[in-house]
$ cat coords-v2.txt   # compact mmCIF, C-alpha atoms (C1' of nucleotides)
# COMPACT_ATOMS: atom_id res chain seq x y z
CA MET A 314 -175.16 -77.27 81.46
CA PRO A 315 -174.02 -80.49 79.88
CA ARG A 316 -175.72 -83.79 80.04
CA PRO A 317 -173.59 -86.09 82.24
CA ARG A 318 -172.13 -89.22 80.73
CA GLU A 319 -173.76 -92.48 81.60
CA PHE A 320 -170.62 -94.53 82.19
CA ASP A 321 -167.39 -94.46 84.17
CA PRO A 322 -164.54 -93.85 81.71
CA ASP A 323 -162.08 -95.77 83.87
CA LEU A 324 -164.21 -98.87 84.00
CA VAL A 325 -164.76 -98.65 80.27
CA LEU A 326 -161.02 -98.30 79.82
CA ASP A 327 -160.54 -101.50 81.80
CA ARG A 328 -162.68 -103.33 79.29
CA ALA A 329 -160.77 -101.74 76.42
CA VAL A 330 -157.58 -103.03 78.03
CA GLU A 331 -159.00 -106.55 78.07
CA LEU A 332 -159.80 -106.36 74.39
CA PHE A 333 -156.57 -104.77 73.17
CA TRP A 334 -154.59 -107.06 75.42
CA ALA A 335 -156.27 -110.17 74.12
CA LYS A 336 -156.50 -109.27 70.44
CA GLY A 337 -153.90 -106.60 69.81
CA TYR A 338 -154.35 -103.23 68.21
CA GLU A 339 -155.06 -104.29 64.66
CA GLY A 340 -157.05 -107.30 65.77
CA THR A 341 -159.50 -105.16 67.69
CA SER A 342 -162.13 -103.31 65.67
CA ILE A 343 -164.24 -100.35 66.67
CA SER A 344 -167.28 -102.61 66.45
CA ASP A 345 -165.63 -105.04 68.88
CA LEU A 346 -165.06 -102.15 71.24
CA GLU A 347 -168.64 -100.89 70.94
CA GLU A 348 -169.95 -104.31 71.78
CA HIS A 349 -167.54 -105.21 74.58
CA LEU A 350 -167.57 -101.76 76.17
CA GLY A 351 -171.33 -101.43 75.86
CA LEU A 352 -171.36 -97.97 74.41
CA GLY A 353 -171.93 -96.35 71.06
CA ARG A 354 -169.38 -95.17 68.57
CA GLN A 355 -169.94 -91.50 69.19
CA SER A 356 -169.54 -91.88 72.95
CA LEU A 357 -166.31 -93.71 72.31
CA TYR A 358 -164.92 -91.11 69.97
CA GLY A 359 -166.21 -88.23 72.09
CA THR A 360 -164.63 -89.54 75.28
CA PHE A 361 -161.37 -91.12 74.16
CA GLY A 362 -160.59 -89.75 70.72
CA ASP A 363 -159.84 -92.08 67.84
CA LYS A 364 -158.82 -95.72 68.01
CA HIS A 365 -155.14 -95.03 68.44
CA GLU A 366 -155.64 -92.54 71.25
CA LEU A 367 -157.87 -95.04 72.98
CA TYR A 368 -155.16 -97.66 72.58
CA VAL A 369 -152.57 -95.42 74.19
CA LYS A 370 -154.94 -94.63 77.06
CA ALA A 371 -155.55 -98.34 77.48
CA MET A 372 -151.79 -98.93 77.61
CA ASP A 373 -151.46 -96.36 80.37
CA ARG A 374 -154.31 -97.91 82.27
CA TYR A 375 -152.72 -101.32 81.86
CA ALA A 376 -149.33 -100.09 82.98
CA ALA A 377 -150.85 -98.48 86.06
CA SER A 378 -152.83 -101.61 86.88
CA GLN A 379 -149.70 -103.76 86.68
CA SER A 380 -147.26 -101.53 88.50
CA TRP A 381 -147.91 -103.35 91.78
CA THR A 382 -146.00 -106.31 90.35
CA ARG A 383 -142.79 -104.33 90.83
CA ARG A 384 -143.72 -103.09 94.28
CA ASP A 385 -141.92 -105.75 96.27
CA LEU A 386 -138.78 -105.32 94.20
CA LEU A 387 -138.73 -101.69 95.24
CA LYS A 388 -139.14 -102.23 98.97
CA PRO A 389 -136.25 -100.68 100.89
CA ASP A 390 -135.01 -104.07 102.06
CA ALA A 391 -135.71 -106.02 98.88
CA GLY A 392 -133.25 -108.72 97.85
CA ALA A 393 -133.03 -112.17 96.30
CA GLU A 394 -136.25 -113.28 97.94
CA GLU A 395 -138.25 -110.53 96.26
CA ILE A 396 -136.70 -111.26 92.90
CA GLY A 397 -137.64 -114.90 93.25
CA GLN A 398 -141.18 -113.90 94.12
CA TYR A 399 -141.32 -111.61 91.14
CA PHE A 400 -140.48 -114.44 88.75
CA LYS A 401 -142.94 -116.75 90.49
CA GLY A 402 -145.69 -114.20 90.03
CA LEU A 403 -144.72 -113.57 86.45
CA ILE A 404 -144.77 -117.26 85.59
CA SER A 405 -148.11 -117.68 87.21
CA ALA A 406 -149.47 -114.70 85.27
CA VAL A 407 -148.21 -115.71 81.84
CA THR A 408 -149.37 -119.31 82.13
CA GLN A 409 -152.98 -118.43 82.86
CA GLU A 410 -155.25 -119.68 80.09
CA PRO A 411 -155.74 -118.23 77.63
CA ARG A 412 -152.05 -117.42 77.42
CA ARG A 413 -151.42 -113.70 77.31
CA SER A 414 -148.08 -111.98 77.24
CA CYS A 415 -147.64 -108.56 78.82
CA MET A 416 -149.59 -106.01 76.82
CA LEU A 417 -146.54 -103.74 76.60
CA ILE A 418 -144.48 -106.52 75.08
CA ASN A 419 -147.25 -107.20 72.60
CA ALA A 420 -147.24 -103.52 71.73
CA ALA A 421 -143.48 -103.57 71.22
CA ILE A 422 -143.72 -106.48 68.80
CA GLU A 423 -146.76 -105.27 66.90
CA GLY A 424 -145.94 -102.70 64.26
CA ASP A 425 -147.53 -99.96 66.33
CA CYS A 426 -144.38 -99.55 68.33
CA GLU A 427 -143.34 -97.21 65.56
CA HIS A 428 -145.71 -94.59 66.91
CA PRO A 429 -143.69 -92.48 69.35
CA LYS A 430 -146.34 -92.59 72.05
CA VAL A 431 -146.53 -96.36 71.98
CA ALA A 432 -142.76 -96.77 71.76
CA GLY A 433 -142.36 -94.40 74.71
CA ARG A 434 -144.60 -96.51 76.90
CA CYS A 435 -142.71 -99.65 75.94
CA THR A 436 -139.30 -98.22 76.77
CA ASP A 437 -140.64 -96.71 79.99
CA ASN A 438 -141.77 -100.14 81.00
CA GLN A 439 -138.35 -101.57 80.27
CA GLN A 440 -136.63 -98.85 82.26
CA ASN A 441 -138.96 -99.12 85.21
CA LEU A 442 -138.39 -102.84 85.40
CA THR A 443 -134.64 -102.41 85.05
CA ARG A 444 -134.57 -99.91 87.89
CA ALA A 445 -136.65 -102.17 90.10
CA PHE A 446 -134.35 -105.13 89.52
CA ARG A 447 -131.28 -103.00 90.11
CA HIS A 448 -132.67 -101.79 93.40
CA ALA A 449 -133.36 -105.32 94.58
CA LEU A 450 -129.93 -106.46 93.38
CA GLU A 451 -128.22 -103.75 95.36
CA GLY A 452 -130.28 -104.88 98.31
CA ALA A 453 -129.11 -108.43 97.69
CA ILE A 454 -125.49 -107.28 97.77
CA ALA A 455 -126.12 -105.46 101.03
CA LYS A 456 -127.58 -108.66 102.43
CA GLY A 457 -124.60 -110.71 101.32
CA GLN A 458 -126.70 -112.71 98.84
CA LEU A 459 -124.69 -111.56 95.88
CA ASP A 460 -121.03 -111.03 95.14
CA ARG A 461 -120.12 -107.47 96.03
CA LYS A 462 -118.41 -106.82 92.73
CA THR A 463 -121.39 -107.84 90.59
CA ASP A 464 -122.33 -105.39 87.84
CA THR A 465 -125.87 -104.80 89.05
CA ASN A 466 -126.78 -102.78 86.00
CA ALA A 467 -125.87 -105.58 83.63
CA LEU A 468 -127.52 -108.20 85.79
CA ALA A 469 -130.68 -106.11 86.06
CA LEU A 470 -130.80 -105.86 82.28
CA ALA A 471 -130.31 -109.62 82.03
CA MET A 472 -133.24 -110.14 84.37
CA VAL A 473 -135.40 -107.82 82.29
CA SER A 474 -134.44 -109.90 79.30
CA GLN A 475 -135.40 -113.07 81.18
CA SER A 476 -138.74 -111.56 82.12
CA PHE A 477 -139.48 -110.70 78.51
CA GLY A 478 -138.24 -114.08 77.34
CA LEU A 479 -140.51 -115.90 79.76
CA ASN A 480 -143.45 -114.05 78.24
CA VAL A 481 -142.54 -115.29 74.78
CA MET A 482 -141.87 -118.85 75.93
CA ALA A 483 -145.23 -118.91 77.65
CA ARG A 484 -146.87 -117.82 74.41
CA ASN A 485 -145.10 -120.70 72.76
CA GLY A 486 -146.86 -123.04 75.14
CA ALA A 487 -144.10 -123.70 77.66
CA SER A 488 -145.40 -125.32 80.84
CA PRO A 489 -145.23 -123.61 84.24
CA ALA A 490 -142.67 -126.24 85.25
CA THR A 491 -140.46 -125.40 82.28
CA LEU A 492 -140.63 -121.71 83.04
CA ALA A 493 -139.90 -122.42 86.68
CA ARG A 494 -136.67 -124.10 85.64
CA VAL A 495 -135.70 -120.96 83.80
CA ALA A 496 -136.37 -118.92 86.90
CA GLU A 497 -134.37 -121.32 89.07
CA SER A 498 -131.51 -120.99 86.66
CA VAL A 499 -131.68 -117.22 86.96
CA MET A 500 -131.70 -117.43 90.73
CA GLN A 501 -128.41 -119.35 90.70
CA VAL A 502 -126.54 -116.05 90.70
CA PHE A 503 -127.38 -115.71 94.38
CA LYS A 504 -125.31 -117.48 96.98
CA MET B 630 -149.66 -129.60 28.50
CA PRO B 631 -149.75 -126.78 31.00
CA ARG B 632 -148.42 -123.34 30.53
CA PRO B 633 -145.32 -123.03 32.76
CA ARG B 634 -145.32 -120.43 35.49
CA GLU B 635 -143.29 -117.35 34.92
CA PHE B 636 -141.69 -117.00 38.35
CA ASP B 637 -139.68 -119.01 40.86
CA PRO B 638 -141.96 -119.79 43.81
CA ASP B 639 -139.04 -119.85 46.23
CA LEU B 640 -137.82 -116.40 45.26
CA VAL B 641 -141.36 -115.09 45.51
CA LEU B 642 -141.63 -116.70 48.92
CA ASP B 643 -138.50 -114.83 49.99
CA ARG B 644 -140.22 -111.56 49.19
CA ALA B 645 -143.31 -112.67 51.05
CA VAL B 646 -141.10 -113.37 54.05
CA GLU B 647 -139.75 -109.83 53.91
CA LEU B 648 -143.24 -108.40 53.92
CA PHE B 649 -144.76 -110.60 56.62
CA TRP B 650 -141.63 -110.22 58.73
CA ALA B 651 -141.69 -106.44 58.51
CA LYS B 652 -145.42 -105.85 58.79
CA GLY B 653 -146.87 -108.93 60.43
CA TYR B 654 -149.74 -111.08 59.24
CA GLU B 655 -152.59 -108.68 59.73
CA GLY B 656 -150.53 -105.71 58.65
CA THR B 657 -149.82 -107.24 55.26
CA SER B 658 -152.60 -107.08 52.67
CA ILE B 659 -153.01 -109.13 49.53
CA SER B 660 -152.52 -105.94 47.54
CA ASP B 661 -149.21 -105.35 49.34
CA LEU B 662 -148.18 -108.86 48.37
CA GLU B 663 -149.22 -108.43 44.74
CA GLU B 664 -147.16 -105.30 44.49
CA HIS B 665 -144.08 -106.45 46.38
CA LEU B 666 -144.04 -109.94 44.87
CA GLY B 667 -144.69 -108.64 41.39
CA LEU B 668 -147.43 -111.08 40.51
CA GLY B 669 -151.18 -111.06 40.20
CA ARG B 670 -153.73 -112.20 42.67
CA GLN B 671 -154.72 -115.34 40.84
CA SER B 672 -151.11 -116.49 40.50
CA LEU B 673 -150.73 -115.95 44.21
CA TYR B 674 -153.82 -117.91 45.13
CA GLY B 675 -153.14 -120.57 42.53
CA THR B 676 -149.59 -121.19 43.71
CA PHE B 677 -149.73 -120.74 47.47
CA GLY B 678 -153.35 -120.99 48.50
CA ASP B 679 -154.98 -118.31 50.61
CA LYS B 680 -153.26 -115.67 52.71
CA HIS B 681 -152.89 -117.84 55.76
CA GLU B 682 -151.36 -120.75 53.84
CA LEU B 683 -148.94 -118.34 52.25
CA TYR B 684 -148.05 -117.02 55.69
CA VAL B 685 -147.28 -120.50 56.97
CA LYS B 686 -145.16 -121.24 53.89
CA ALA B 687 -143.33 -117.97 54.47
CA MET B 688 -142.70 -119.00 58.09
CA ASP B 689 -141.18 -122.26 56.92
CA ARG B 690 -139.04 -120.48 54.39
CA TYR B 691 -137.92 -118.04 57.08
CA ALA B 692 -137.12 -120.82 59.53
CA ALA B 693 -135.07 -122.64 56.91
CA SER B 694 -133.23 -119.46 55.96
CA GLN B 695 -132.31 -118.80 59.58
CA SER B 696 -131.34 -122.28 60.65
CA TRP B 697 -127.67 -121.57 59.91
CA THR B 698 -127.64 -119.31 62.99
CA ARG B 699 -127.72 -122.44 65.14
CA ARG B 700 -125.16 -124.31 63.09
CA ASP B 701 -122.13 -123.43 65.19
CA LEU B 702 -123.96 -124.34 68.40
CA LEU B 703 -124.45 -127.83 66.97
CA LYS B 704 -120.86 -128.47 65.94
CA PRO B 705 -119.50 -131.60 67.61
CA ASP B 706 -116.96 -129.59 69.63
CA ALA B 707 -119.16 -126.58 70.37
CA GLY B 708 -118.82 -124.89 73.76
CA ALA B 709 -118.84 -121.52 75.49
CA GLU B 710 -117.15 -119.84 72.53
CA GLU B 711 -119.95 -120.82 70.15
CA ILE B 712 -122.60 -119.68 72.59
CA GLY B 713 -120.91 -116.30 72.88
CA GLN B 714 -120.78 -116.05 69.11
CA TYR B 715 -124.45 -116.92 68.88
CA PHE B 716 -125.41 -114.06 71.15
CA LYS B 717 -123.10 -111.70 69.28
CA GLY B 718 -124.75 -112.59 66.01
CA LEU B 719 -128.20 -112.31 67.49
CA ILE B 720 -127.50 -108.85 68.90
CA SER B 721 -126.11 -107.72 65.60
CA ALA B 722 -129.19 -109.04 63.79
CA VAL B 723 -131.82 -107.53 66.07
CA THR B 724 -130.20 -104.12 66.16
CA GLN B 725 -130.16 -103.66 62.40
CA GLU B 726 -132.37 -100.76 61.36
CA PRO B 727 -135.23 -100.97 60.96
CA ARG B 728 -135.46 -103.05 64.11
CA ARG B 729 -137.00 -106.43 63.45
CA SER B 730 -137.49 -109.20 65.95
CA CYS B 731 -137.40 -112.81 64.83
CA MET B 732 -140.39 -113.56 62.65
CA LEU B 733 -141.28 -116.62 64.72
CA ILE B 734 -141.39 -114.54 67.88
CA ASN B 735 -143.58 -112.02 66.13
CA ALA B 736 -145.86 -114.86 65.10
CA ALA B 737 -146.02 -116.14 68.66
CA ILE B 738 -147.07 -112.73 69.96
CA GLU B 739 -149.52 -111.90 67.20
CA GLY B 740 -152.89 -113.53 67.69
CA ASP B 741 -152.26 -115.94 64.85
CA CYS B 742 -150.33 -118.23 67.13
CA GLU B 743 -153.72 -119.70 67.93
CA HIS B 744 -153.73 -121.46 64.59
CA PRO B 745 -152.20 -124.88 65.20
CA LYS B 746 -149.91 -124.65 62.20
CA VAL B 747 -148.46 -121.31 63.31
CA ALA B 748 -148.19 -122.41 66.93
CA GLY B 749 -146.43 -125.59 65.85
CA ARG B 750 -143.75 -123.65 63.99
CA CYS B 751 -143.22 -121.41 67.00
CA THR B 752 -142.76 -124.25 69.44
CA ASP B 753 -140.54 -126.11 66.99
CA ASN B 754 -138.31 -123.08 66.87
CA GLN B 755 -138.14 -122.98 70.66
CA GLN B 756 -137.29 -126.66 70.86
CA ASN B 757 -134.66 -126.50 68.15
CA LEU B 758 -132.95 -123.63 69.89
CA THR B 759 -133.15 -125.36 73.25
CA ARG B 760 -131.56 -128.49 71.83
CA ALA B 761 -128.79 -126.49 70.19
CA PHE B 762 -127.95 -124.70 73.44
CA ARG B 763 -128.03 -127.92 75.37
CA HIS B 764 -125.63 -129.52 72.96
CA ALA B 765 -123.19 -126.64 73.26
CA LEU B 766 -123.56 -126.62 77.05
CA GLU B 767 -122.70 -130.29 77.24
CA GLY B 768 -119.71 -129.51 75.08
CA ALA B 769 -118.76 -126.74 77.48
CA ILE B 770 -118.86 -129.19 80.38
CA ALA B 771 -116.66 -131.61 78.45
CA LYS B 772 -114.22 -128.77 77.90
CA GLY B 773 -114.20 -127.82 81.55
CA GLN B 774 -115.80 -124.45 80.88
CA LEU B 775 -118.82 -125.23 82.99
CA ASP B 776 -119.41 -126.89 86.32
CA ARG B 777 -119.95 -130.59 85.73
CA LYS B 778 -123.10 -130.71 87.83
CA THR B 779 -124.87 -127.94 85.94
CA ASP B 780 -128.45 -128.70 84.87
CA THR B 781 -127.86 -128.19 81.17
CA ASN B 782 -131.52 -128.52 80.34
CA ALA B 783 -132.50 -125.69 82.65
CA LEU B 784 -129.59 -123.54 81.54
CA ALA B 785 -130.44 -124.14 77.89
CA LEU B 786 -134.00 -123.02 78.54
CA ALA B 787 -132.69 -119.93 80.32
CA MET B 788 -130.57 -119.12 77.29
CA VAL B 789 -133.57 -119.51 75.01
CA SER B 790 -135.39 -117.12 77.27
CA GLN B 791 -132.47 -114.68 77.03
CA SER B 792 -132.49 -114.93 73.26
CA PHE B 793 -136.18 -114.15 73.11
CA GLY B 794 -135.81 -111.37 75.65
CA LEU B 795 -133.04 -109.74 73.63
CA ASN B 796 -135.40 -109.61 70.68
CA VAL B 797 -137.99 -107.75 72.72
CA MET B 798 -135.46 -105.38 74.26
CA ALA B 799 -134.13 -104.57 70.81
CA ARG B 800 -137.65 -103.74 69.68
CA ASN B 801 -137.86 -101.44 72.66
CA GLY B 802 -134.89 -99.53 71.28
CA ALA B 803 -132.12 -100.93 73.47
CA SER B 804 -128.67 -100.13 72.10
CA PRO B 805 -126.24 -102.80 70.92
CA ALA B 806 -124.07 -101.93 73.93
CA THR B 807 -126.94 -102.51 76.33
CA LEU B 808 -127.73 -105.85 74.77
CA ALA B 809 -124.06 -106.78 74.85
CA ARG B 810 -124.09 -106.27 78.60
CA VAL B 811 -126.96 -108.71 78.86
CA ALA B 812 -124.99 -111.24 76.84
CA GLU B 813 -121.90 -110.73 78.98
CA SER B 814 -124.00 -111.33 82.02
CA VAL B 815 -125.26 -114.58 80.55
CA MET B 816 -121.72 -115.67 79.73
CA GLN B 817 -120.74 -115.34 83.38
CA VAL B 818 -121.90 -118.90 83.99
CA PHE B 819 -118.74 -120.10 82.27
CA LYS B 820 -115.50 -120.32 84.17
C1' DG C 284 -151.91 -126.72 13.64
C1' DC C 285 -155.22 -127.92 17.13
C1' DC C 286 -156.47 -129.43 21.84
C1' DA C 287 -156.20 -129.97 26.71
C1' DT C 288 -154.21 -127.89 30.52
C1' DT C 289 -152.49 -124.48 33.35
C1' DA C 290 -150.94 -119.32 34.07
C1' DT C 291 -151.98 -114.67 33.93
C1' DT C 292 -154.75 -110.55 33.95
C1' DG C 293 -157.87 -107.41 35.79
C1' DA C 294 -162.44 -106.50 36.83
C1' DC C 295 -165.68 -107.69 40.30
C1' DT C 296 -168.20 -109.05 44.80
C1' DT C 297 -169.03 -108.88 49.46
C1' DC C 298 -167.72 -107.50 53.73
C1' DT C 299 -165.71 -104.87 57.33
C1' DC C 300 -162.88 -101.26 58.51
C1' DG C 301 -162.24 -96.44 60.87
C1' DG C 302 -164.55 -92.40 61.12
C1' DT C 303 -168.49 -88.85 60.64
C1' DC C 304 -173.15 -86.75 60.65
C1' DA C 305 -177.70 -85.33 61.86
C1' DA C 306 -181.24 -86.13 65.01
C1' DT C 307 -182.67 -86.88 69.61
C1' DA C 308 -182.27 -87.24 74.70
C1' DT C 309 -180.84 -85.50 79.14
C1' DC C 310 -178.82 -82.67 82.14
C1' DT C 311 -177.89 -77.61 84.83
C1' DC C 312 -178.27 -73.00 85.31
C1' DA C 313 -180.69 -68.84 84.75
C1' DT D 730 -189.63 -73.47 82.53
C1' DG D 731 -186.78 -73.12 78.80
C1' DA D 732 -182.04 -72.28 76.85
C1' DG D 733 -177.63 -73.94 76.21
C1' DA D 734 -174.53 -77.58 76.37
C1' DT D 735 -173.13 -82.19 76.02
C1' DA D 736 -174.31 -87.40 75.49
C1' DT D 737 -176.33 -90.88 72.96
C1' DT D 738 -178.19 -93.25 68.97
C1' DG D 739 -178.11 -95.28 64.58
C1' DA D 740 -177.63 -94.47 59.90
C1' DC D 741 -174.18 -93.41 56.76
C1' DC D 742 -169.53 -92.82 54.04
C1' DG D 743 -165.50 -93.89 51.31
C1' DA D 744 -161.73 -96.90 51.47
C1' DG D 745 -159.68 -101.09 51.53
C1' DA D 746 -159.89 -105.84 52.92
C1' DA D 747 -159.93 -111.07 51.22
C1' DG D 748 -161.27 -113.78 47.85
C1' DT D 749 -163.60 -115.16 43.09
C1' DC D 750 -164.65 -115.20 38.15
C1' DA D 751 -164.43 -115.03 33.26
C1' DA D 752 -161.52 -114.01 29.57
C1' DT D 753 -157.08 -114.45 27.49
C1' DA D 754 -152.29 -116.28 26.86
C1' DA D 755 -148.87 -119.80 26.62
C1' DT D 756 -147.27 -124.36 26.59
C1' DG D 757 -146.51 -129.73 25.03
C1' DG D 758 -148.59 -133.85 22.97
C1' DC D 759 -151.15 -135.47 19.21

$ encode --input "coords-v2.txt" --output "structure tokens"
Amino acid sequence: MPRPREFDPDLVLDRAVELFWAKGYEGTSISDLEEHLGLGRQSLYGTFGDKHELYVKAMDRYAASQSWTRRDLLKPDAGAEEIGQYFKGLISAVTQEPRRSCMLINAAIEGDCEHPKVAGRCTDNQQNLTRAFRHALEGAIAKGQLDRKTDTNALALAMVSQSFGLNVMARNGASPATLARVAESVMQVFK
Amino acid sequence: MPRPREFDPDLVLDRAVELFWAKGYEGTSISDLEEHLGLGRQSLYGTFGDKHELYVKAMDRYAASQSWTRRDLLKPDAGAEEIGQYFKGLISAVTQEPRRSCMLINAAIEGDCEHPKVAGRCTDNQQNLTRAFRHALEGAIAKGQLDRKTDTNALALAMVSQSFGLNVMARNGASPATLARVAESVMQVFK
DNA sequence: GCCATTATTGACTTCTCGGTCAATATCTCA
DNA sequence: TGAGATATTGACCGAGAAGTCAATAATGGC
């Protein structure tokens, strides 16, 4: 029977995420991956397929590893408080040095979003985030934190847009304080 | 005396903008440029310097060619109306096929924003847009369209964030109608 | 008409890219 | 214990990358 592999594919994938996240798809070479993942070319290709397949698998791993960030928004009793916390966490994440925007946003901007698999992951991310915001916004209405006749769908989309925008502003060097002002401005919709 | 060059550097730069805008810095090769710009390698290097210098010059040309988009925001009597028009124009621009986000946002997300010259252009863009929004917001207050005690600085930053976010959402395939709902949501701050 | 200067052309160099191949090592089951 | 199956290793491949060089062409001043 087969010789067992000498590494844990999931752990290796985590390191691939780091690389693709930091340097992008085109900016990461197979040699980079060999070195940073600590395994040979053939093991790489044998386990994950070619570079693009590996990239997609890394995106999935990234998305799974980040899904907890939406968890509080999805709590049954989520409301304004959870939305505020979400933005706080986001700002803290995107202002870590070295500055790194969400890998799925990077993927959307890089040309590779033309590949259906990559594009699919990007839009999934957008939809998941929209749904999470909408849920928390409906909670906020139930709690009396938000005008009952608010269009929660539109406001959820606006908050997704703000989240994405904060990523870009952080890449442009905006300070945590500056981004916090943006978040405060967003939170003004609540009573 | 010297042989005169056979092309107009500015027109050539326009074509370089198209290429870098569509395919990014890494995604554009010198051969691509030769072909699309219709001139030989040596002319390219002799006129613009190496690839990275050409990229920076293309960014400047792009920024100059897009500055009119902020013009209405900066009119002496600008207010809510001009801000609404800005978002309308932006949505129309980013939903043209093929989808293209602002070249300066692309630059900020691509790894090349680590080069000081590229990063400088990106932050300049952010500051110019912030200033333009702030000006229009102050106008809106003067016109009674906005609460007099609004923090125009924070709101301007939030609008920059929205602008950037709309670019990303458009790349993710969001429809013009979806983006319009985001813009409407933003415009709710006005009375 | 010749000279100095710059533009253009296209071949060329060196390097790195993604991907593959053949040889070897390591496992399990019979 | 060895046979079959998979993993690992490192050399290798063609293509394409950025950038350079030497030769040729075109100009204005003398």

$ interface_residues --input "coords-v2.txt" --of "chain A" --to "chain D" --cutoff "9 Å" --atoms "all atoms listed in the file" --output "JSON, numbers by chain"
{"A": [314, 315, 316, 317, 318, 319, 352, 353, 355, 356, 359]}

$ interface_residues --input "coords-v2.txt" --of "chain B" --to "chain A" --cutoff "9 Å" --atoms "all atoms listed in the file" --output "ChimeraX atom specification"
/B:651-653,655-656,729-730,734-735,737-740,742,748-749,751-752,755,780,782-798,800-803,807-808,810-815,818

$ closest_residue --input "coords-v2.txt" --among "C:DA305, C:DA287, C:DA294, C:DC300" --to "chain A" --atoms "all atoms listed in the file"
C:DC300

$ atom_distance --input "coords-v2.txt" --atom1 "atom CA of A:Lys462" --atom2 "atom CA of A:Met500"
17.1 Å

$ residues_near_point --input "coords-v2.txt" --point "(-125.8, -125.6, 74.6)" --cutoff "6 Å" --atoms "all atoms listed in the file" --output "list in words"
Ala761, Phe762, Arg763, His764, Ala765, Leu766 and Ala785 of chain B

$ residues_near_point --input "coords-v2.txt" --point "(-155.8, -110.4, 47.0)" --cutoff "6 Å" --atoms "all atoms listed in the file" --output "list in words"
Ile659, Ser660 and Arg670 of chain B; DA747 of chain D

$ write_last_selection --input "coords-v2.txt" --atoms "C-alpha atoms (C1' of nucleotides)" --output "PDB file, keeping the file's coordinate frame"
ATOM      1  CA  ILE B 659    -153.010-109.130  49.530  1.00  0.00           C
ATOM      2  CA  SER B 660    -152.520-105.940  47.540  1.00  0.00           C
ATOM      3  CA  ARG B 670    -153.730-112.200  42.670  1.00  0.00           C
TER       4      ARG B 670
ATOM      5  C1'  DA D 747    -159.930-111.070  51.220  1.00  0.00           C
TER       6       DA D 747
END

$ residues_around --input "coords-v2.txt" --residues "stretch 454-458 of chain A" --least-positions-apart "2" --cutoff "7 Å" --atoms "all atoms listed in the file" --output "list in words"
Ala393, Leu450, Glu451, Gly452, Asp460, Arg461, Phe503 and Lys504 of chain A

$ closest_atom_pairs --input "coords-v2.txt" --of "chain C" --to "chain A" --cutoff "7 Å" --atoms "all atoms listed in the file" --output "JSON lines"
{"residue": "C:DT309", "atom": "C1'", "partner": "A:Arg316", "partner_atom": "CA", "distance": 5.5}
{"residue": "C:DC310", "atom": "C1'", "partner": "A:Arg316", "partner_atom": "CA", "distance": 3.9}
{"residue": "C:DT311", "atom": "C1'", "partner": "A:Met314", "partner_atom": "CA", "distance": 4.4}
{"residue": "C:DC312", "atom": "C1'", "partner": "A:Met314", "partner_atom": "CA", "distance": 6.5}

$ atom_distance --input "coords-v2.txt" --atom1 "atom CA of A:Thr360" --atom2 "atom C1' of C:DC298"
28.2 Å

$ axis_aligned_box --input "coords-v2.txt" --around "stretch 730-734 of chain D" --padding-each-side "4 Å" --output "lines of an AutoDock Vina configuration file"
center_x = -182.1
center_y = -74.9
center_z = 79.4
size_x = 23.1
size_y = 13.3
size_z = 14.3

$ atom_distance --input "coords-v2.txt" --atom1 "atom CA of A:Ser488" --atom2 "atom CA of B:Thr759"
14.4 Å

$ residues_around --input "coords-v2.txt" --residues "B:Arg700" --least-positions-apart "6" --cutoff "10 Å" --atoms "all atoms listed in the file" --output "PyMOL selection string"
chain B and resi 707+711+715+761

$ write_last_selection --input "coords-v2.txt" --atoms "C-alpha atoms" --output "JSON list (two decimals), in the frame of the given file"
[["chain", "number", "residue", "atom", "x", "y", "z"],
["B", 707, "ALA", "CA", -119.16, -126.58, 70.37],
["B", 711, "GLU", "CA", -119.95, -120.82, 70.15],
["B", 715, "TYR", "CA", -124.45, -116.92, 68.88],
["B", 761, "ALA", "CA", -128.79, -126.49, 70.19]]
